[in-house]
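Peer 1: My structure file model02.cif, mmCIF, C-alpha atoms, is below:
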```
data_query
loop_
_atom_site.label_atom_id
_atom_site.label_comp_id
_atom_site.auth_asym_id
_atom_site.auth_seq_id
_atom_site.Cartn_x
_atom_site.Cartn_y
_atom_site.Cartn_z
CA MET A 25 176.53 73.02 72.86
CA ARG A 26 173.47 73.45 74.72
CA LYS A 27 172.81 76.74 76.43
CA ARG A 28 171.66 76.72 79.97
CA ARG A 29 168.84 78.88 80.70
CA GLY A 30 168.97 80.99 83.89
CA ILE A 31 166.28 82.79 85.71
CA SER A 32 166.24 86.40 84.83
CA THR A 33 166.46 89.04 87.50
CA LYS A 34 162.98 90.30 86.72
CA ALA A 35 161.54 86.85 87.11
CA LEU A 36 163.38 86.34 90.42
CA VAL A 37 162.07 89.65 91.82
CA ALA A 38 158.54 88.77 90.71
CA LEU A 39 158.80 85.33 92.35
CA LEU A 40 160.04 86.83 95.66
CA ALA A 41 157.28 89.44 95.61
CA PHE A 42 154.70 86.68 95.08
CA VAL A 43 156.11 84.63 97.99
CA LEU A 44 156.08 87.73 100.19
CA VAL A 45 152.43 88.54 99.35
CA ILE A 46 151.39 84.93 100.05
CA GLY A 47 153.35 84.93 103.33
CA CYS A 48 151.78 88.18 104.53
CA SER A 49 148.27 87.09 103.69
CA LEU A 50 148.79 83.75 105.47
CA GLY A 51 150.41 85.48 108.46
CA GLY A 52 147.38 87.76 108.81
CA THR A 53 145.12 84.76 109.24
CA LEU A 54 147.27 82.91 111.81
CA ALA A 55 146.03 82.95 115.43
CA TRP A 56 148.46 83.58 118.30
CA LEU A 57 148.05 81.72 121.59
CA THR A 58 147.53 84.23 124.42
CA ASP A 59 146.34 84.30 128.02
CA LYS A 60 145.69 86.89 130.73
CA THR A 61 145.17 86.64 134.50
CA TYR A 62 142.66 88.51 136.59
CA ALA A 63 144.16 91.44 138.51
CA VAL A 64 145.16 90.80 142.12
CA THR A 65 144.68 93.91 144.24
CA ASN A 66 146.55 94.17 147.54
CA THR A 67 145.07 96.55 150.10
CA PHE A 68 147.46 97.51 152.89
CA THR A 69 146.23 98.39 156.35
CA VAL A 70 148.22 100.39 158.84
CA GLY A 71 149.08 99.01 162.27
CA ASP A 72 148.96 101.14 165.39
CA ILE A 73 149.49 100.98 169.14
CA ASN A 74 147.59 103.18 171.55
CA ILE A 75 147.98 103.17 175.32
CA THR A 76 146.73 105.20 178.26
CA LEU A 77 147.94 105.62 181.85
CA ASP A 78 145.31 106.47 184.45
CA GLU A 79 144.68 106.26 188.15
CA THR A 80 141.70 106.99 190.34
CA THR A 81 143.38 107.72 193.68
CA LYS A 82 144.54 111.27 194.40
CA ASP A 83 145.17 111.81 198.12
CA TYR A 84 148.47 110.37 199.38
CA LYS A 85 149.31 110.95 203.04
CA ILE A 86 152.11 109.06 204.81
CA LEU A 87 151.02 107.90 208.27
CA PRO A 88 152.69 105.09 210.26
CA GLY A 89 150.94 101.75 209.72
CA VAL A 90 148.41 103.12 207.17
CA ASP A 91 148.69 101.74 203.62
CA ILE A 92 148.07 104.33 200.89
CA PRO A 93 145.75 103.42 197.98
CA LYS A 94 147.53 104.09 194.68
CA ASP A 95 146.31 102.46 191.48
CA PRO A 96 148.17 103.49 188.32
CA LYS A 97 146.98 101.36 185.40
CA VAL A 98 148.28 101.07 181.84
CA THR A 99 145.73 100.18 179.17
CA VAL A 100 146.59 98.86 175.72
CA LEU A 101 143.61 100.12 173.75
CA LYS A 102 141.51 97.91 171.49
CA ASP A 103 142.81 97.26 167.95
CA SER A 104 146.45 97.79 168.90
CA GLU A 105 149.30 95.64 167.65
CA ALA A 106 151.28 93.14 169.73
CA CYS A 107 153.74 95.17 171.75
CA TRP A 108 156.41 95.49 174.37
CA LEU A 109 154.73 97.47 177.16
CA PHE A 110 156.87 99.45 179.61
CA VAL A 111 156.28 101.44 182.75
CA LYS A 112 158.99 103.63 184.24
CA VAL A 113 158.77 104.52 187.92
CA ASP A 114 160.75 107.56 189.04
CA GLU A 115 161.21 108.40 192.71
CA VAL A 116 161.87 111.94 193.95
CA ASN A 117 162.64 112.53 197.64
CA TRP A 118 161.47 108.99 198.34
CA PRO A 119 162.12 107.98 201.98
CA ASN A 120 164.63 105.15 202.36
CA PHE A 121 164.16 104.34 206.04
CA MET A 122 164.59 100.61 206.47
CA ASP A 123 162.60 98.11 208.51
CA GLY A 124 164.76 95.02 208.23
CA GLU A 125 165.26 94.42 204.50
CA ASN A 126 162.24 96.50 203.45
CA ARG A 127 161.78 100.21 203.16
CA LYS A 128 159.34 101.62 205.68
CA VAL A 129 157.50 103.46 202.91
CA ASN A 130 157.42 100.92 200.12
CA TYR A 131 155.67 99.79 196.97
CA ARG A 132 156.04 96.67 194.90
CA ILE A 133 155.38 96.16 191.23
CA ALA A 134 152.35 94.02 190.31
CA ASP A 135 152.70 90.49 188.98
CA GLY A 136 153.35 90.12 185.25
CA TRP A 137 155.89 92.95 185.03
CA ALA A 138 159.61 92.16 184.77
CA LEU A 139 162.48 94.47 185.72
CA LEU A 140 164.36 95.43 182.57
CA ASP A 141 167.84 96.09 183.96
CA GLU A 142 168.24 97.57 187.45
CA LYS A 143 171.84 98.67 186.87
CA ASN A 144 171.39 100.46 183.54
CA HIS A 145 167.66 101.25 183.62
CA PRO A 146 166.46 101.48 187.23
CA GLY A 147 162.72 101.62 187.70
CA VAL A 148 161.90 100.30 184.20
CA TYR A 149 159.52 97.34 184.05
CA TYR A 150 158.09 95.60 180.99
CA ARG A 151 155.71 92.93 179.81
CA GLU A 152 154.87 91.38 176.44
CA VAL A 153 151.37 91.91 175.08
CA ASP A 154 150.43 89.36 172.41
CA ALA A 155 148.38 90.15 169.29
CA ALA A 156 145.10 88.64 170.51
CA THR A 157 145.25 90.56 173.79
CA ALA A 158 146.27 93.82 172.10
CA GLU A 159 143.49 93.49 169.54
CA LYS A 160 140.78 93.23 172.21
CA GLY A 161 142.48 95.70 174.61
CA GLU A 162 143.68 95.05 178.18
CA THR A 163 144.42 96.99 181.37
CA TYR A 164 147.41 96.24 183.62
CA GLY A 165 147.81 97.47 187.19
CA VAL A 166 151.30 98.72 187.99
CA LEU A 167 151.51 98.40 191.78
CA LEU A 168 150.92 95.20 193.73
CA ASN A 169 147.55 95.44 195.52
CA ASN A 170 147.24 99.02 194.22
CA GLU A 171 148.97 100.45 197.25
CA VAL A 172 152.01 101.99 198.87
CA THR A 173 152.68 100.32 202.21
CA VAL A 174 153.77 102.25 205.29
CA SER A 175 155.34 100.41 208.21
CA ASP A 176 153.97 100.97 211.69
CA THR A 177 157.60 101.39 212.81
CA LEU A 178 157.93 104.71 210.94
CA THR A 179 158.85 107.21 213.65
CA LYS A 180 157.94 110.83 214.19
CA SER A 181 161.56 111.87 213.66
CA GLU A 182 161.63 110.00 210.33
CA ILE A 183 158.42 111.77 209.28
CA ALA A 184 160.05 115.09 210.24
CA GLU A 185 163.04 114.19 208.05
CA VAL A 186 160.68 113.43 205.15
CA LYS A 187 159.13 116.88 205.53
CA GLU A 188 162.56 118.48 205.68
CA ASN A 189 163.80 116.76 202.50
CA GLY A 190 160.77 117.71 200.41
CA GLN A 191 157.58 115.95 199.48
CA PRO A 192 158.08 112.38 198.24
CA GLN A 193 156.91 111.77 194.68
CA LEU A 194 156.38 108.75 192.46
CA THR A 195 156.09 109.42 188.74
CA PHE A 196 154.83 106.75 186.34
CA THR A 197 155.34 106.89 182.57
CA ALA A 198 154.14 104.21 180.14
CA TYR A 199 155.60 103.32 176.74
CA ALA A 200 154.69 100.79 174.05
CA VAL A 201 156.75 99.54 171.11
CA GLN A 202 155.59 97.15 168.40
CA LYS A 203 156.61 93.55 168.96
CA GLU A 204 156.84 92.66 165.27
CA GLY A 205 160.48 93.02 164.17
CA VAL A 206 161.72 93.86 167.67
CA ASN A 207 163.23 90.79 169.33
CA THR A 208 164.02 91.83 172.90
CA ALA A 209 162.71 94.15 175.59
CA ALA A 210 166.11 95.90 175.72
CA GLU A 211 165.93 96.62 171.98
CA ALA A 212 162.35 97.90 172.36
CA TRP A 213 163.33 100.16 175.27
CA LYS A 214 166.10 101.68 173.15
CA ILE A 215 163.57 102.36 170.38
CA ALA A 216 161.18 103.99 172.88
CA ASN A 217 163.99 106.09 174.37
CA PRO A 218 166.69 106.64 171.74
CA ALA A 219 168.45 109.27 173.88
CA ILE A 220 168.88 106.87 176.80
CA PRO A 221 172.02 104.67 176.45
#
```
Would you put the structure from the file into structure tokens?
Peer 2:
Amino acid sequence: MRKRRGISTKALVALLAFVLVIGCSLGGTLAWLTDKTYAVTNTFTVGDINITLDETTKDYKILPGVDIPKDPKVTVLKDSEACWLFVKVDEVNWPNFMDGENRKVNYRIADGWALLDEKNHPGVYYREVDAATAEKGETYGVLLNNEVTVSDTLTKSEIAEVKENGQPQLTFTAYAVQKEGVNTAAEAWKIANPAIP
């Protein structure tokens, strides 16, 4: 009978060690495929809205038939963002004597302003200012013809009543809210005045 010859354990270990050494030396010389992009740096700027409210007239005297110059103006300053622009007009002791359908001492809001909601927000007017206009800056007059009109039918007794009730006052306040992400004027007004329902 013929004896089969097997590989001894020592020979097997030596063979595996040889294969391992060859594999490591070949692996050290292999090149890996790699790649790298250039860095992309994102610089973020910060948006802003700046407005002013000014007027040049100061002396307001109610006389029958004499219109009163009054020129409140809201300016969206240069480099502002597109915005919802508001002006709120508050009346204190304002005379309500009527001459037909109009008040005898009256003012009207300039063109371009829209009434927000007379029932829920009386005296609040708004306009949309687009990005191009806001970037270059723009001034908007609040009152039509920059005046308060006084009817020539205002009587001496009505003037006496005005004096008795206290001096009439108009107060103007301007607000601006970014247009981006705010879809309606009502939503913008709520952002500008969170305490007002």
Peer 1: Smallest atom-to-atom distance to Glu105 in chain A: which of A:Ala200, A:Leu139, A:Leu194, A:Ala209, using only C-alpha atoms?
Peer 2: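 Nearest to Glu105 in chain A: A:Ala200.
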Peer 1: Using all atoms listed in the file, find the one residue out of A:Glu152, A:Asp72, A:Asp95, A:Glu171 that sits nearest to Phe110 in chain A.
Peer 2: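 Using all atoms listed in the file, Phe110 in chain A sits closest to A:Glu152.
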Peer 1: So the first atom is CA of Arg132 in chain A and the second is CA of Thr195 in chain A; what is the distance between them in Å, to one decimal place?
Peer 2: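 Straight-line distance from CA of Arg132 in chain A to CA of Thr195 in chain A works out to 14.2 Å.
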Peer 1: Around all the atoms of range 135-154 of chain A listed in the file, with 6 Å of room on each side, what axis-aligned box do you get, giving centre and edge lengths in Å to one decimal, as AutoDock Vina command-line options?
Peer 2:
```
--center_x 161.1 --center_y 95.5 --center_z 180.7 --size_x 33.4 --size_y 24.3 --size_z 28.6
```
Peer 1: Go through the shown structure with the PyMOL selection byres ((chain A and resi 183) around 12) and write out the matching residues as an MDAnalysis selection string.
Peer 2: chainID A and resid 85:88 118:121 128:129 174:182 184:192
Peer 1: Which of these, A:Asn66, A:Lys34, A:Val100, A:Glu115, has the shortest distance to Asp78 in chain A once you count all atoms listed in the file?
Peer 2: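 Nearest to Asp78 in chain A: A:Val100.
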Peer 1: Given the choices A:Ile215, A:Ile133, A:Ala106, A:Ala138, which gets closest to Thr157 in chain A if the distance is worked out from all atoms listed in the file?
Peer 2: A:Ala106
Peer 1: For a quick check of understanding, using all atoms listed in the file, which of A:Gly165, A:Val172, A:Ala158, A:Glu204 has the smallest distance to Trp137 in chain A?
Peer 2: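 Nearest candidate to Trp137 in chain A out of A:Gly165, A:Val172, A:Ala158, A:Glu204: A:Gly165.
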Peer 1: Identify the residues around (152.4, 97.9, 188.0) within a radius of 10 Å, measuring from all atoms listed in the file in the coordinates stated by the file, and give them as a list in words.
Peer 2: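 Result, sorted by chain then residue number: Asp95, Pro96, Lys97, Val98, Phe110, Val111, Lys112, Val113, Tyr131, Arg132, Ile133, Ala134, Asp135, Gly136, Trp137, Ala138, Tyr149, Tyr150, Tyr164, Gly165, Val166, Leu167, Leu168, Asn169, Asn170 and Phe196 of chain A.
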